[in-house]
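A.B. asks: Sending over final13.tsv (TSV, C-alpha atoms).
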chain	number	residue	atom	x	y	z
A	9	MET	CA	3.65	13.16	-18.39
A	10	LYS	CA	3.95	14.06	-14.71
A	11	LYS	CA	1.03	11.84	-13.67
A	12	LYS	CA	2.39	8.87	-15.67
A	13	ARG	CA	5.85	9.38	-14.18
A	14	GLN	CA	4.44	9.48	-10.66
A	15	VAL	CA	2.47	6.29	-11.26
A	16	GLU	CA	5.70	4.72	-12.49
A	17	ILE	CA	7.49	5.88	-9.32
A	18	LEU	CA	4.84	4.14	-7.20
A	19	ASN	CA	5.25	0.98	-9.30
A	20	ILE	CA	9.02	1.08	-8.87
A	21	ILE	CA	8.95	1.44	-5.08
A	22	ARG	CA	6.42	-1.41	-4.86
A	23	GLU	CA	8.58	-3.69	-6.99
A	24	ARG	CA	11.97	-3.11	-5.38
A	25	PRO	CA	13.65	-1.22	-2.56
A	26	VAL	CA	14.75	2.28	-3.58
A	27	GLU	CA	17.16	3.71	-1.04
A	28	ASN	CA	17.83	7.16	-2.50
A	29	GLN	CA	16.92	9.62	-5.22
A	30	GLU	CA	19.78	8.49	-7.45
A	31	MET	CA	18.42	4.94	-7.47
A	32	LEU	CA	14.98	6.30	-8.35
A	33	ILE	CA	16.37	8.44	-11.18
A	34	SER	CA	18.17	5.38	-12.54
A	35	ALA	CA	15.06	3.18	-12.29
A	36	LEU	CA	13.00	5.83	-14.08
A	37	ALA	CA	15.63	6.06	-16.81
A	38	GLU	CA	15.36	2.28	-17.33
A	39	ARG	CA	11.66	2.86	-18.01
A	40	GLY	CA	12.21	5.74	-20.43
A	41	TYR	CA	11.85	8.73	-18.10
A	42	THR	CA	14.76	11.17	-18.08
A	43	VAL	CA	14.42	13.36	-15.01
A	44	THR	CA	16.50	15.64	-12.81
A	45	GLN	CA	17.07	15.28	-9.10
A	46	ALA	CA	14.87	18.35	-8.51
A	47	THR	CA	11.98	16.73	-10.40
A	48	VAL	CA	12.31	13.50	-8.43
A	49	SER	CA	12.46	15.47	-5.20
A	50	ARG	CA	9.20	17.27	-6.07
A	51	ASP	CA	7.57	13.96	-7.04
A	52	ILE	CA	8.60	12.41	-3.73
A	53	ASN	CA	7.03	15.31	-1.84
A	54	GLU	CA	3.83	15.32	-3.92
A	55	LEU	CA	3.43	11.55	-3.59
A	56	ARG	CA	4.08	11.79	0.16
A	57	LEU	CA	6.80	9.16	0.05
A	58	GLU	CA	8.78	8.50	3.20
A	59	LYS	CA	11.82	6.42	3.97
A	60	ASN	CA	11.12	3.43	6.18
A	61	ILE	CA	12.94	0.23	6.99
A	62	ASN	CA	11.44	-2.69	5.03
A	63	ASP	CA	11.24	-6.35	6.09
A	64	ASP	CA	14.81	-6.92	4.85
A	65	GLY	CA	16.19	-4.07	6.98
A	66	VAL	CA	16.70	-1.71	4.02
A	67	ASN	CA	15.87	1.97	4.52
A	68	CYS	CA	13.84	2.73	1.39
A	69	TYR	CA	10.99	4.86	0.05
A	70	THR	CA	7.43	3.82	0.83
A	71	LYS	CA	4.03	5.37	0.19
A	72	VAL	CA	2.50	7.08	3.20
A	73	TYR	CA	-1.23	6.59	3.54
A	74	ASP	CA	-3.76	8.68	5.39
A	75	SER	CA	-4.95	6.42	8.20
A	76	ASN	CA	-8.05	8.59	8.78
A	77	LYS	CA	-9.02	8.21	5.13
A	78	PHE	CA	-8.52	4.44	5.31
A	79	GLY	CA	-10.46	4.26	8.56
A	80	ASN	CA	-13.37	6.18	7.06
A	81	ILE	CA	-13.52	3.99	3.96
A	82	PHE	CA	-13.20	0.88	6.09
A	83	GLN	CA	-15.91	1.89	8.56
A	84	GLN	CA	-18.32	2.85	5.80
A	85	SER	CA	-17.84	-0.25	3.66
A	86	VAL	CA	-16.96	-3.23	5.91
A	87	ILE	CA	-19.69	-5.15	7.72
A	88	ASN	CA	-17.73	-8.06	9.19
A	89	VAL	CA	-14.12	-9.22	9.57
A	90	ASN	CA	-12.93	-12.77	10.08
A	91	TYR	CA	-10.01	-15.04	9.19
A	92	ALA	CA	-9.34	-18.67	8.40
A	93	MET	CA	-5.78	-19.92	8.47
A	94	ASN	CA	-3.75	-17.15	6.80
A	95	ILE	CA	-6.63	-15.48	4.92
A	96	VAL	CA	-8.50	-12.45	6.24
A	97	CYS	CA	-12.03	-12.04	4.89
A	98	LEU	CA	-13.77	-8.67	4.83
A	99	LYS	CA	-17.53	-8.76	4.20
A	100	CYS	CA	-18.64	-5.41	2.76
A	101	HIS	CA	-21.78	-3.62	1.72
A	102	SER	CA	-22.66	-4.54	-1.84
A	103	GLY	CA	-20.41	-2.75	-4.34
A	104	LEU	CA	-17.91	-1.45	-1.77
A	105	ALA	CA	-15.38	-4.27	-1.60
A	106	ASN	CA	-13.13	-2.67	-4.24
A	107	ALA	CA	-12.96	0.57	-2.22
A	108	ALA	CA	-12.06	-1.30	0.97
A	109	CYS	CA	-9.47	-3.37	-0.91
A	110	ALA	CA	-7.89	-0.32	-2.57
A	111	ALA	CA	-7.68	1.44	0.80
A	112	PHE	CA	-5.96	-1.59	2.34
A	113	ASP	CA	-3.58	-1.89	-0.62
A	114	GLY	CA	-2.68	1.76	-0.11
A	115	MET	CA	-1.40	0.89	3.33
A	116	ASN	CA	1.41	-1.22	1.82
A	117	HIS	CA	1.05	-3.68	4.70
A	118	GLY	CA	4.33	-5.57	4.73
A	119	LEU	CA	2.94	-8.93	5.82
A	120	ALA	CA	0.15	-9.09	3.24
A	121	VAL	CA	1.01	-11.29	0.27
A	122	GLY	CA	-1.88	-10.04	-1.88
A	123	THR	CA	-5.53	-9.07	-2.05
A	124	ILE	CA	-8.52	-9.83	-4.19
A	125	ALA	CA	-11.91	-8.11	-4.16
A	126	GLY	CA	-15.30	-9.02	-5.48
A	127	ASP	CA	-18.55	-7.10	-5.16
A	128	ASP	CA	-19.00	-7.53	-1.41
A	129	THR	CA	-15.99	-9.57	-0.25
A	130	VAL	CA	-12.26	-8.96	0.09
A	131	PHE	CA	-9.72	-11.71	0.71
A	132	ILE	CA	-6.34	-10.69	2.10
A	133	LEU	CA	-3.68	-13.38	1.94
A	134	MET	CA	-1.27	-13.03	4.86
A	135	LYS	CA	2.08	-14.76	5.33
A	136	THR	CA	1.03	-16.64	8.48
A	137	GLU	CA	-2.07	-17.44	10.49
A	138	SER	CA	-0.69	-15.30	13.30
A	139	ASP	CA	-0.43	-12.33	10.92
A	140	ALA	CA	-4.03	-12.90	9.81
A	141	ARG	CA	-5.28	-13.02	13.41
A	142	GLU	CA	-3.37	-9.83	14.26
A	143	LEU	CA	-4.71	-7.95	11.22
A	144	CYS	CA	-8.23	-9.15	11.96
A	145	GLU	CA	-7.98	-7.84	15.53
A	146	LYS	CA	-6.65	-4.51	14.25
A	147	PHE	CA	-9.58	-4.21	11.86
A	148	ARG	CA	-12.11	-5.11	14.54
A	149	GLY	CA	-10.71	-2.29	16.67
A	150	MET	CA	-11.72	0.16	13.96
A	151	PHE	CA	-15.46	-0.43	14.44
Represent the structure from my file as structure tokens, please.
C.D. replies:
Amino acid sequence: MKKKRQVEILNIIRERPVENQEMLISALAERGYTVTQATVSRDINELRLEKNINDDGVNCYTKVYDSNKFGNIFQQSVINVNYAMNIVCLKCHSGLANAACAAFDGMNHGLAVGTIAGDDTVFILMKTESDARELCEKFRGMF
């Protein structure tokens, strides 16, 4: 039950801004989870959620990722990084594109519209060409 509830919490904070624990308790109740404030507080700590200002200026919960973990996965799986227009393309070792994509998704990058991974390629759709260029440069700095 705890694991399912925590997955649901991550889904909720991805889908909409959650500014406080009361909002999270209410959103969980809408999905059939009756919880106390203490339970939600423990879940927030275990999930390593932090409050950050989103693109709309709302201070809400977000998932914190381990940048070292992402960097390690990235460095071990990605061979080449490039972009065209507003799409970043990661070329990976065969079979490792899903790992690289999942690591990137875990970052909750605010300017990424979405990702898709195959066996050895990841496409990251960015909002603008400038965003794609910036992300590409950031990735290249990780080599």
A.B. asks: Could you list, as a list in words, every residue within 12 Å of Asn62 in chain A, counting all atoms listed in the file and ignoring same-chain residues fewer than 6 positions away?
C.D. replies: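 Listing them by chain and then by number gives Ile21, Arg22, Arg24, Pro25, Val26, Glu27, Cys68, Tyr69, Thr70, Lys71, Asn116, His117, Gly118 and Leu119 of chain A.
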A.B. asks: Only C-alpha atoms, please: the residues just picked out, written as a PDB file, in the coordinates of the input.
C.D. replies:
ATOM      1  CA  ILE A  21       8.950   1.440  -5.080  1.00  0.00           C
ATOM      2  CA  ARG A  22       6.420  -1.410  -4.860  1.00  0.00           C
ATOM      3  CA  ARG A  24      11.970  -3.110  -5.380  1.00  0.00           C
ATOM      4  CA  PRO A  25      13.650  -1.220  -2.560  1.00  0.00           C
ATOM      5  CA  VAL A  26      14.750   2.280  -3.580  1.00  0.00           C
ATOM      6  CA  GLU A  27      17.160   3.710  -1.040  1.00  0.00           C
ATOM      7  CA  CYS A  68      13.840   2.730   1.390  1.00  0.00           C
ATOM      8  CA  TYR A  69      10.990   4.860   0.050  1.00  0.00           C
ATOM      9  CA  THR A  70       7.430   3.820   0.830  1.00  0.00           C
ATOM     10  CA  LYS A  71       4.030   5.370   0.190  1.00  0.00           C
ATOM     11  CA  ASN A 116       1.410  -1.220   1.820  1.00  0.00           C
ATOM     12  CA  HIS A 117       1.050  -3.680   4.700  1.00  0.00           C
ATOM     13  CA  GLY A 118       4.330  -5.570   4.730  1.00  0.00           C
ATOM     14  CA  LEU A 119       2.940  -8.930   5.820  1.00  0.00           C
TER      15      LEU A 119
END
A.B. asks: With only C-alpha atoms as the counted atoms, please give the residues lying no more than 12 Å from Gln29 in chain A, apart from itself and same-chain residues fewer than 5 positions off, as a PDB file with C-alpha atoms, in the frame of the given file.
C.D. replies:
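What follows is the written file out_32.pdb:
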ATOM      1  CA  ILE A  17       7.490   5.880  -9.320  1.00  0.00           C
ATOM      2  CA  ILE A  21       8.950   1.440  -5.080  1.00  0.00           C
ATOM      3  CA  SER A  34      18.170   5.380 -12.540  1.00  0.00           C
ATOM      4  CA  ALA A  35      15.060   3.180 -12.290  1.00  0.00           C
ATOM      5  CA  LEU A  36      13.000   5.830 -14.080  1.00  0.00           C
ATOM      6  CA  VAL A  43      14.420  13.360 -15.010  1.00  0.00           C
ATOM      7  CA  THR A  44      16.500  15.640 -12.810  1.00  0.00           C
ATOM      8  CA  GLN A  45      17.070  15.280  -9.100  1.00  0.00           C
ATOM      9  CA  ALA A  46      14.870  18.350  -8.510  1.00  0.00           C
ATOM     10  CA  THR A  47      11.980  16.730 -10.400  1.00  0.00           C
ATOM     11  CA  VAL A  48      12.310  13.500  -8.430  1.00  0.00           C
ATOM     12  CA  SER A  49      12.460  15.470  -5.200  1.00  0.00           C
ATOM     13  CA  ARG A  50       9.200  17.270  -6.070  1.00  0.00           C
ATOM     14  CA  ASP A  51       7.570  13.960  -7.040  1.00  0.00           C
ATOM     15  CA  ILE A  52       8.600  12.410  -3.730  1.00  0.00           C
ATOM     16  CA  ASN A  53       7.030  15.310  -1.840  1.00  0.00           C
ATOM     17  CA  LEU A  57       6.800   9.160   0.050  1.00  0.00           C
ATOM     18  CA  GLU A  58       8.780   8.500   3.200  1.00  0.00           C
ATOM     19  CA  LYS A  59      11.820   6.420   3.970  1.00  0.00           C
ATOM     20  CA  CYS A  68      13.840   2.730   1.390  1.00  0.00           C
ATOM     21  CA  TYR A  69      10.990   4.860   0.050  1.00  0.00           C
TER      22      TYR A  69
END
A.B. asks: With all atoms listed in the file as the basis for distance, which of A:Gln83, A:Ala37, A:Met93, A:Ala105 is at the shortest distance from Leu133 in chain A?
C.D. replies: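 Result for the nearest residue to Leu133 in chain A: A:Met93.
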A.B. asks: Could you tell me which of A:Leu55, A:Ala108, A:Cys100, A:Val66 comes closest to Phe82 in chain A if we count all atoms listed in the file?
C.D. replies: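 Among the listed residues, the smallest separation from Phe82 in chain A belongs to A:Ala108.
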A.B. asks: Excluding same-chain residues fewer than 2 positions from Ile95 in chain A, what lies within 8 Å of it counting all atoms listed in the file, as a ChimeraX atom specification?
C.D. replies: /A:91-93,97,131-134,137,140
A.B. asks: From the options A:Glu145, A:Asn67, A:Arg13, A:Asn94, which residue's atoms come nearest to Val121 in chain A, counting all atoms listed in the file?
C.D. replies: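 The answer is A:Asn94, which sits nearest to Val121 in chain A.
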A.B. asks: So what do you get for CA of Leu32 in chain A versus CA of Val15 in chain A, distance-wise?
C.D. replies: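 CA of Val15 in chain A lies 12.8 Å from CA of Leu32 in chain A.
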A.B. asks: Compare A:Met115, A:Leu143, A:Leu98, A:Cys109 by their minimum atom-to-atom distance to Thr129 in chain A, counting all atoms listed in the file, and give me the closest one.
C.D. replies: A:Leu98
A.B. asks: Can you spit out range 34-58 of chain A with N, CA and C atoms, as a compact mmCIF listing (two decimals), in the first residue's frame, from the structure just given?
C.D. replies:
# COMPACT_ATOMS: atom_id res chain seq x y z
N SER A 34 -5.59 15.97 0.13
CA SER A 34 -6.84 16.08 -0.62
C SER A 34 -6.74 15.36 -1.97
N ALA A 35 -5.62 15.55 -2.68
CA ALA A 35 -5.43 14.89 -3.97
C ALA A 35 -5.37 13.38 -3.81
N LEU A 36 -4.75 12.91 -2.75
CA LEU A 36 -4.70 11.47 -2.49
C LEU A 36 -6.10 10.93 -2.18
N ALA A 37 -6.86 11.70 -1.43
CA ALA A 37 -8.23 11.29 -1.10
C ALA A 37 -9.08 11.15 -2.37
N GLU A 38 -8.88 12.05 -3.33
CA GLU A 38 -9.60 11.97 -4.61
C GLU A 38 -9.29 10.66 -5.34
N ARG A 39 -8.12 10.10 -5.05
CA ARG A 39 -7.69 8.87 -5.72
C ARG A 39 -7.86 7.63 -4.83
N GLY A 40 -8.59 7.82 -3.72
CA GLY A 40 -8.93 6.68 -2.88
C GLY A 40 -7.97 6.37 -1.75
N TYR A 41 -7.04 7.27 -1.45
CA TYR A 41 -6.09 7.05 -0.37
C TYR A 41 -6.43 7.99 0.79
N THR A 42 -6.83 7.43 1.91
CA THR A 42 -7.10 8.21 3.11
C THR A 42 -5.85 8.16 3.98
N VAL A 43 -5.23 9.31 4.16
CA VAL A 43 -3.97 9.36 4.90
C VAL A 43 -3.97 10.52 5.89
N THR A 44 -3.09 10.42 6.88
CA THR A 44 -2.92 11.50 7.85
C THR A 44 -1.80 12.41 7.41
N GLN A 45 -1.71 13.55 8.05
CA GLN A 45 -0.64 14.50 7.76
C GLN A 45 0.72 13.87 8.09
N ALA A 46 0.80 13.10 9.15
CA ALA A 46 2.06 12.46 9.53
C ALA A 46 2.52 11.47 8.45
N THR A 47 1.59 10.73 7.88
CA THR A 47 1.92 9.78 6.82
C THR A 47 2.44 10.52 5.59
N VAL A 48 1.76 11.58 5.21
CA VAL A 48 2.19 12.37 4.05
C VAL A 48 3.56 12.99 4.31
N SER A 49 3.79 13.44 5.52
CA SER A 49 5.08 14.03 5.87
C SER A 49 6.20 12.99 5.73
N ARG A 50 5.96 11.78 6.20
CA ARG A 50 6.96 10.70 6.05
C ARG A 50 7.18 10.37 4.57
N ASP A 51 6.10 10.30 3.81
CA ASP A 51 6.22 10.02 2.37
C ASP A 51 7.05 11.09 1.68
N ILE A 52 6.81 12.33 2.01
CA ILE A 52 7.57 13.44 1.41
C ILE A 52 9.05 13.29 1.70
N ASN A 53 9.38 12.94 2.94
CA ASN A 53 10.79 12.75 3.30
C ASN A 53 11.40 11.55 2.59
N GLU A 54 10.68 10.43 2.57
CA GLU A 54 11.20 9.22 1.93
C GLU A 54 11.37 9.38 0.42
N LEU A 55 10.47 10.14 -0.20
CA LEU A 55 10.55 10.38 -1.64
C LEU A 55 11.53 11.50 -1.99
N ARG A 56 12.05 12.15 -0.98
CA ARG A 56 12.98 13.27 -1.16
C ARG A 56 12.36 14.39 -1.99
N LEU A 57 11.13 14.75 -1.64
CA LEU A 57 10.46 15.85 -2.32
C LEU A 57 10.91 17.16 -1.69
N GLU A 58 11.04 18.17 -2.52
CA GLU A 58 11.38 19.50 -2.06
C GLU A 58 10.41 20.49 -2.66
